[in-house]
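Enquirer: Here you go, model13.cif (mmCIF, C-alpha atoms and all ligand atoms):
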```
data_run
loop_
_atom_site.label_atom_id
_atom_site.label_comp_id
_atom_site.auth_asym_id
_atom_site.auth_seq_id
_atom_site.Cartn_x
_atom_site.Cartn_y
_atom_site.Cartn_z
CA MET A 17 -41.27 25.69 -4.34
CA ALA A 18 -40.12 26.05 -7.95
CA SER A 19 -37.46 23.56 -8.98
CA VAL A 20 -33.80 24.56 -9.18
CA THR A 21 -31.45 23.26 -11.88
CA LYS A 22 -27.66 23.58 -11.89
CA ARG A 23 -25.32 22.52 -14.68
CA PHE A 24 -21.59 21.86 -14.59
CA PRO A 25 -19.35 21.20 -17.61
CA LEU A 26 -17.17 18.05 -17.50
CA ARG A 27 -13.91 17.57 -19.35
CA ALA A 28 -12.64 14.17 -20.45
CA ARG A 29 -9.48 12.98 -18.67
CA ASP A 30 -9.26 16.14 -16.56
CA PHE A 31 -8.38 14.34 -13.35
CA LEU A 32 -7.29 17.47 -11.53
CA HIS A 33 -10.85 18.83 -11.62
CA ALA A 34 -12.84 15.59 -11.82
CA GLY A 35 -15.34 15.49 -9.00
CA GLU A 36 -15.60 19.24 -8.51
CA ALA A 37 -19.15 19.31 -9.85
CA SER A 38 -20.29 16.69 -7.34
CA ILE A 39 -18.56 18.53 -4.48
CA GLN A 40 -20.53 21.64 -5.49
CA VAL A 41 -23.78 19.70 -5.71
CA GLN A 42 -23.13 18.32 -2.23
CA ALA A 43 -22.38 21.80 -0.84
CA PHE A 44 -25.54 23.21 -2.45
CA LEU A 45 -27.76 20.45 -1.07
CA LYS A 46 -26.30 21.05 2.40
CA THR A 47 -27.37 24.70 2.20
CA MET A 48 -30.86 23.47 1.29
CA ARG A 49 -30.95 21.49 4.53
CA LEU A 50 -31.84 18.15 2.98
CA ASP A 51 -31.61 15.00 5.07
CA PRO A 52 -27.88 14.20 5.56
CA GLY A 53 -28.33 10.55 4.60
CA LEU A 54 -30.08 11.58 1.40
CA ILE A 55 -27.35 14.11 0.60
CA ARG A 56 -24.69 11.43 1.10
CA ARG A 57 -26.44 9.03 -1.30
CA ILE A 58 -26.82 11.75 -3.91
CA ALA A 59 -23.20 12.92 -3.56
CA ILE A 60 -21.84 9.38 -3.90
CA CYS A 61 -23.88 8.64 -7.02
CA SER A 62 -23.10 12.00 -8.57
CA TYR A 63 -19.38 11.56 -7.95
CA GLU A 64 -19.27 7.98 -9.30
CA ALA A 65 -21.11 9.07 -12.46
CA GLU A 66 -18.92 12.14 -12.86
CA MET A 67 -15.76 10.05 -12.49
CA ASN A 68 -17.09 7.58 -15.07
CA ALA A 69 -17.68 10.38 -17.57
CA VAL A 70 -14.17 11.75 -17.02
CA ILE A 71 -12.41 8.36 -16.92
CA HIS A 72 -14.29 6.31 -19.52
CA GLY A 73 -16.51 8.79 -21.36
CA GLY A 74 -15.77 12.18 -22.85
CA ASN A 75 -16.61 15.83 -22.49
CA GLY A 76 -20.04 16.36 -21.06
CA GLU A 77 -22.24 17.89 -18.46
CA LEU A 78 -23.58 17.15 -15.01
CA GLU A 79 -27.05 18.42 -14.27
CA MET A 80 -28.70 18.52 -10.87
CA THR A 81 -32.38 19.32 -10.42
CA LEU A 82 -33.88 19.89 -7.01
CA ALA A 83 -37.66 19.62 -7.13
CA GLU A 84 -40.24 19.49 -4.40
CA ASP A 85 -40.47 15.72 -4.32
CA ARG A 86 -37.16 14.60 -5.81
CA ILE A 87 -33.57 15.29 -6.78
CA VAL A 88 -32.43 14.25 -10.22
CA ILE A 89 -28.78 13.87 -11.19
CA GLU A 90 -28.07 13.47 -14.87
CA VAL A 91 -24.54 12.99 -16.20
CA ARG A 92 -24.11 13.08 -19.98
CA ASP A 93 -20.96 12.63 -21.97
CA GLU A 94 -20.03 12.52 -25.63
CA GLY A 95 -17.55 9.67 -25.27
CA ALA A 96 -17.26 6.27 -26.86
CA GLY A 97 -20.36 4.90 -25.15
CA ILE A 98 -20.99 1.45 -23.71
CA ALA A 99 -21.52 -1.54 -26.01
CA ASP A 100 -22.99 -3.92 -23.43
CA ILE A 101 -24.76 -2.13 -20.59
CA GLU A 102 -25.68 -5.31 -18.77
CA LEU A 103 -22.03 -6.36 -18.70
CA ALA A 104 -20.94 -2.87 -17.55
CA MET A 105 -23.39 -3.12 -14.63
CA GLN A 106 -21.80 -6.35 -13.36
CA PRO A 107 -19.90 -5.82 -10.09
CA GLY A 108 -16.18 -6.09 -10.81
CA TYR A 109 -16.39 -5.43 -14.53
CA SER A 110 -14.03 -2.64 -15.53
CA THR A 111 -12.10 -1.39 -18.52
CA ALA A 112 -10.33 1.27 -16.43
CA ASP A 113 -6.73 2.05 -17.30
CA GLU A 114 -3.69 2.41 -15.06
CA THR A 115 -4.28 6.14 -14.46
CA ALA A 116 -7.76 5.49 -13.07
CA ARG A 117 -6.48 2.66 -10.91
CA GLU A 118 -3.74 4.83 -9.46
CA MET A 119 -6.47 7.15 -8.19
CA GLY A 120 -8.30 4.28 -6.52
CA PHE A 121 -10.93 3.71 -9.20
CA GLY A 122 -11.37 0.87 -11.67
CA ALA A 123 -12.66 -1.87 -9.39
CA GLY A 124 -15.89 -2.10 -11.36
CA MET A 125 -17.94 -0.95 -8.40
CA GLY A 126 -19.15 2.44 -9.62
CA LEU A 127 -22.29 1.48 -11.53
CA PRO A 128 -23.38 -1.14 -8.96
CA ASN A 129 -22.83 1.46 -6.24
CA MET A 130 -24.97 3.99 -8.12
CA LYS A 131 -27.72 1.40 -8.47
CA THR A 132 -27.61 0.68 -4.73
CA HIS A 133 -27.68 4.30 -3.60
CA ALA A 134 -30.17 5.81 -6.09
CA ASP A 135 -33.92 5.20 -5.95
CA GLU A 136 -33.80 4.85 -9.73
CA LEU A 137 -30.91 4.53 -12.16
CA GLU A 138 -31.36 4.77 -15.89
CA LEU A 139 -28.31 4.18 -18.05
CA ALA A 140 -28.59 4.98 -21.74
CA SER A 141 -25.65 4.45 -24.07
CA ALA A 142 -24.57 3.09 -27.41
CA PRO A 143 -21.18 2.81 -29.12
CA GLY A 144 -20.24 6.17 -30.60
CA ARG A 145 -23.31 7.85 -29.09
CA GLY A 146 -22.04 8.79 -25.65
CA THR A 147 -23.53 7.89 -22.29
CA ARG A 148 -26.25 9.29 -20.09
CA ALA A 149 -26.73 8.25 -16.48
CA ARG A 150 -29.90 9.56 -14.88
CA MET A 151 -30.55 9.01 -11.20
CA ILE A 152 -33.62 9.87 -9.19
CA PHE A 153 -33.71 10.35 -5.43
CA ARG A 154 -37.09 10.78 -3.78
CA ARG A 155 -37.52 13.15 -0.90
CA ARG A 156 -39.63 12.03 2.03
CA PRO A 157 -43.27 12.98 1.53
CA PRO A 158 -44.12 16.09 3.54
CA GLN A 159 -45.59 15.39 6.97
CA GLU A 160 -49.33 15.31 6.90
CA LYS A 161 -50.86 18.15 8.79
CA THR A 162 -52.99 17.16 11.78
CA PRO A 163 -56.28 19.00 11.75
CA MET B 11 -10.21 8.04 20.48
CA LYS B 12 -9.30 11.68 20.04
CA LEU B 13 -7.67 12.62 16.75
CA SER B 14 -4.76 14.05 18.75
CA GLU B 15 -4.08 10.60 20.29
CA ILE B 16 -4.41 8.92 16.91
CA VAL B 17 -1.87 11.29 15.41
CA ARG B 18 0.56 10.60 18.25
CA GLU B 19 0.04 6.81 18.01
CA LEU B 20 0.78 6.89 14.26
CA GLU B 21 3.78 9.23 14.62
CA ALA B 22 2.00 11.38 12.07
CA VAL B 23 2.50 15.01 11.11
CA PRO B 24 -0.28 17.43 10.11
CA LEU B 25 -0.24 18.55 6.47
CA THR B 26 -2.56 21.50 6.98
CA ASP B 27 -2.73 23.90 9.88
CA GLU B 28 -6.36 23.12 10.60
CA ASP B 29 -6.94 22.21 14.22
CA HIS B 30 -9.30 19.26 14.56
CA LEU B 31 -7.41 17.46 17.30
CA GLU B 32 -10.39 17.31 19.64
CA LEU B 33 -12.37 15.27 17.10
CA GLU B 34 -13.59 11.89 18.47
CA ILE B 35 -13.10 8.92 16.14
CA THR B 36 -14.42 5.43 16.81
CA ARG B 37 -14.25 3.68 13.42
CA CYS B 38 -11.45 3.34 10.92
CA ALA B 39 -10.81 1.92 7.44
CA GLY B 40 -7.55 1.15 5.68
CA SER B 41 -8.01 1.18 1.91
CA ASP B 42 -6.35 2.08 -1.35
CA LEU B 43 -9.61 1.69 -3.20
CA MET B 44 -11.73 4.83 -3.40
CA SER B 45 -14.69 2.93 -4.88
CA ASP B 46 -14.69 0.87 -1.70
CA VAL B 47 -14.70 3.96 0.50
CA LEU B 48 -17.70 5.21 -1.52
CA ALA B 49 -19.58 1.93 -1.30
CA ARG B 50 -19.39 1.43 2.45
CA PRO B 51 -20.62 3.22 5.59
CA THR B 52 -17.63 5.55 5.92
CA GLU B 53 -19.41 8.56 7.44
CA GLY B 54 -17.38 10.01 10.32
CA ILE B 55 -14.49 7.55 10.03
CA LEU B 56 -10.72 7.90 9.90
CA LEU B 57 -9.32 6.78 6.54
CA LEU B 58 -5.82 5.31 6.30
CA THR B 59 -4.59 5.20 2.72
CA GLY B 60 -1.49 5.08 0.57
CA LEU B 61 -3.18 6.98 -2.26
CA THR B 62 -2.25 10.64 -2.28
CA SER B 63 -4.02 11.98 -5.37
CA ILE B 64 -6.48 14.85 -5.17
CA GLN B 65 -9.28 12.31 -5.66
CA THR B 66 -8.61 10.94 -2.18
CA VAL B 67 -9.66 14.30 -0.73
CA ARG B 68 -12.74 14.51 -2.98
CA THR B 69 -13.72 10.94 -2.11
CA ALA B 70 -13.33 11.70 1.60
CA LYS B 71 -15.47 14.82 1.26
CA ILE B 72 -18.19 13.05 -0.73
CA ALA B 73 -18.31 10.06 1.63
CA GLY B 74 -18.24 12.18 4.80
CA VAL B 75 -14.89 10.82 6.03
CA SER B 76 -13.74 12.88 9.05
CA ALA B 77 -9.96 12.66 8.69
CA VAL B 78 -7.32 11.08 6.45
CA VAL B 79 -3.86 9.72 7.30
CA PHE B 80 -1.54 9.07 4.35
CA VAL B 81 0.60 6.04 5.23
CA ARG B 82 4.06 4.75 4.20
CA GLY B 83 5.66 8.19 4.50
CA LYS B 84 4.13 9.43 1.27
CA THR B 85 4.00 13.15 0.72
CA PRO B 86 0.90 14.13 -1.26
CA PRO B 87 1.28 16.48 -4.21
CA PRO B 88 0.61 20.17 -3.45
CA GLU B 89 -2.86 20.15 -5.07
CA THR B 90 -4.00 17.44 -2.67
CA ILE B 91 -2.93 19.43 0.38
CA GLU B 92 -4.35 22.63 -1.09
CA LEU B 93 -7.78 21.06 -1.60
CA ALA B 94 -7.75 19.51 1.87
CA ARG B 95 -7.11 23.01 3.22
CA THR B 96 -9.96 24.65 1.29
CA GLU B 97 -12.33 21.78 2.10
CA ARG B 98 -11.23 21.89 5.74
CA LEU B 99 -10.44 18.17 5.77
CA PRO B 100 -7.82 17.24 8.37
CA VAL B 101 -4.99 15.30 6.65
CA TYR B 102 -1.84 13.81 8.17
CA ALA B 103 1.18 11.82 7.00
CA SER B 104 2.53 8.80 8.88
CA PRO B 105 5.87 7.10 8.17
CA LEU B 106 4.38 3.73 9.19
CA SER B 107 2.92 1.10 6.88
CA LEU B 108 -0.81 0.56 6.49
CA PHE B 109 -0.47 -2.70 8.41
CA VAL B 110 1.31 -1.13 11.36
CA CYS B 111 -1.07 1.86 11.45
CA CYS B 112 -4.08 -0.48 11.53
CA GLY B 113 -2.47 -2.62 14.21
CA ARG B 114 -1.71 0.28 16.49
CA LEU B 115 -5.20 1.78 16.23
CA HIS B 116 -6.90 -1.58 16.61
CA GLY B 117 -4.84 -2.09 19.75
CA ARG B 118 -6.16 1.20 21.07
CA GLY B 119 -9.78 0.12 20.58
CA LEU B 120 -10.82 1.56 17.22
CA THR B 121 -13.28 -0.61 15.31
CA GLY B 122 -13.97 -1.34 11.66
CA LEU B 123 -16.86 0.19 9.76
CA ASP B 124 -19.41 -2.24 11.16
CA GLY B 125 -18.28 -1.60 14.73
CA ARG B 126 -16.50 -4.94 15.11
CA ARG B 127 -12.97 -5.53 16.24
N1 LIG A 201 -19.52 7.19 -19.13
C1 LIG A 201 -19.03 6.03 -19.60
N2 LIG A 201 -18.55 5.94 -20.89
C2 LIG A 201 -18.05 4.78 -21.37
N3 LIG A 201 -17.96 3.65 -20.64
C3 LIG A 201 -18.41 3.66 -19.36
C4 LIG A 201 -18.96 4.84 -18.79
N4 LIG A 201 -19.33 4.55 -17.51
C5 LIG A 201 -19.02 3.25 -17.32
N5 LIG A 201 -18.47 2.71 -18.42
C6 LIG A 201 -18.01 1.31 -18.60
O1 LIG A 201 -18.57 0.51 -17.56
C7 LIG A 201 -17.50 -0.09 -16.80
C8 LIG A 201 -17.93 -0.25 -15.36
O2 LIG A 201 -18.10 1.02 -14.74
P1 LIG A 201 -17.99 1.12 -13.15
O3 LIG A 201 -18.93 0.13 -12.55
O4 LIG A 201 -18.18 2.54 -12.74
O5 LIG A 201 -16.52 0.61 -12.82
P2 LIG A 201 -15.11 1.32 -13.06
O6 LIG A 201 -15.36 2.78 -13.28
O7 LIG A 201 -14.38 1.03 -11.81
O8 LIG A 201 -14.49 0.68 -14.26
C9 LIG A 201 -16.32 0.81 -17.03
O9 LIG A 201 -15.08 0.16 -16.78
C10 LIG A 201 -16.50 1.18 -18.50
O10 LIG A 201 -16.09 0.12 -19.34
MG MG A 202 -16.65 3.96 -12.24
#
```
Could you rewrite the structure in this file as structure tokens?

Expert:
Amino acid sequence: MASVTKRFPLRARDFLHAGEASIQVQAFLKTMRLDPGLIRRIAICSYEAEMNAVIHGGNGELEMTLAEDRIVIEVRDEGAGIADIELAMQPGYSTADETAREMGFGAGMGLPNMKTHADELELASAPGRGTRARMIFRRRPPQEKTP
Amino acid sequence: MKLSEIVRELEAVPLTDEDHLELEITRCAGSDLMSDVLARPTEGILLLTGLTSIQTVRTAKIAGVSAVVFVRGKTPPPETIELARTERLPVYASPLSLFVCCGRLHGRGLTGLDGRR
């Protein structure tokens, strides 16, 4: 199977549409008949990363790649970036504003949750250079054929 | 517990005309924190919440929540109800507080996310 890539634009502070990309990723993966538990993990991570880009980051893009052995979710934004990644990863650490909190975000659980649910999480960021969250989810190895 | 019984117990009204009343629910969470809903095993649950933004519907969809009851008599904005309709997520509004909703459903045998009560 050739790999499939889908890209969705993200707009900073557009809370009306924030999360739409992840909903579409979830719907697409359902049509591909992936394991429901795997789809749930991917959807959760994708949504948390998308919300982070919209809430804390800037304009950007969400990219999903479905390959034979893995699914990769990459969320990039051109926002202010993160000065201290280790601190940002701490459960409970948040710089979220009132608007984010009113929507039920801003408890500092997003990045830790992404780390828990993804097989691999790579967070690259620097002040003024935007942020890129890349998450890898491995598919179960195909069943070995009995001779 | 059938969703129809839950709705009656919570004196709730449907906000969409979807008919999911035969749905069986065994676990329930009361939360105003969407990050919490996303971090815990919320697949197939009933969510009681006071947050009515459109992100509540998206969170429910992403996490696999089966139905949502908005508590404290809050009426969600039109975009929230509209999205619930297109996503076919059953949503209801109850005039009761989160505390009273939880109490009533606990009394009827619903459990928390880990199956305990
Ligand atoms: N895309 C991003 N751009 C800038 N800062 C970010 C981004 N993602 C996360 N952060 C920073 O990391 C913190 C922790 O993120 P997270 O764990 O998702 O919690 P929360 O979103 O609830 O604040 C955020 O409050 C913010 O300071
Ligand atoms: Mg976050």

Enquirer: In Å, how far is it from atom CA of Glu15 of chain B to atom CA of Pro100 of chain B?

Expert: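 Spanning atom CA of Glu15 of chain B to atom CA of Pro100 of chain B is a straight-line distance of 14.1 Å.
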
Enquirer: Can you pull out the residues contacting Thr52 of chain B? Cut-off 9 Å, using all atoms listed in the file, and skip same-chain residues under 5 positions away; I want them as a compact mmCIF listing (two decimals) with C-alpha atoms, keeping the file's coordinate frame.

Expert:
```txt
# COMPACT_ATOMS: atom_id res chain seq x y z
CA ARG B 37 -14.25 3.68 13.42
CA CYS B 38 -11.45 3.34 10.92
CA ALA B 39 -10.81 1.92 7.44
CA VAL B 47 -14.70 3.96 0.50
CA LEU B 57 -9.32 6.78 6.54
CA ALA B 70 -13.33 11.70 1.60
CA ALA B 73 -18.31 10.06 1.63
CA GLY B 74 -18.24 12.18 4.80
CA VAL B 75 -14.89 10.82 6.03
CA SER B 76 -13.74 12.88 9.05
CA LEU B 123 -16.86 0.19 9.76
```

Enquirer: Counting all atoms listed in the file, select every polymer residue within 9 Å of (-3.5, 3.5, 5.4) as defined in the file's coordinates, and provide the selection as a VMD selection string.

Expert: chain B and resid 39 to 42 57 to 61 78 to 82 104 106 to 112

Enquirer: So, with only C-alpha atoms and all ligand atoms as the atoms that count, which of B:Met44, B:Leu120, B:Val67, B:Ala77 lies closest to ligand LIG 201 (chain A)?

Expert: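 Going through B:Met44, B:Leu120, B:Val67, B:Ala77 one by one, the smallest distance to ligand LIG 201 (chain A) is for B:Met44.
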
Enquirer: Do you know which residues are at most 7 Å from Ser45 of chain B counting all atoms listed in the file, after dropping those on the same chain fewer than 5 positions away, and could you put them as a list in words?

Expert: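 So, after excluding close chain neighbours, the residues are Gly120, Phe121, Ala123, Met125 and Gly126 of chain A.
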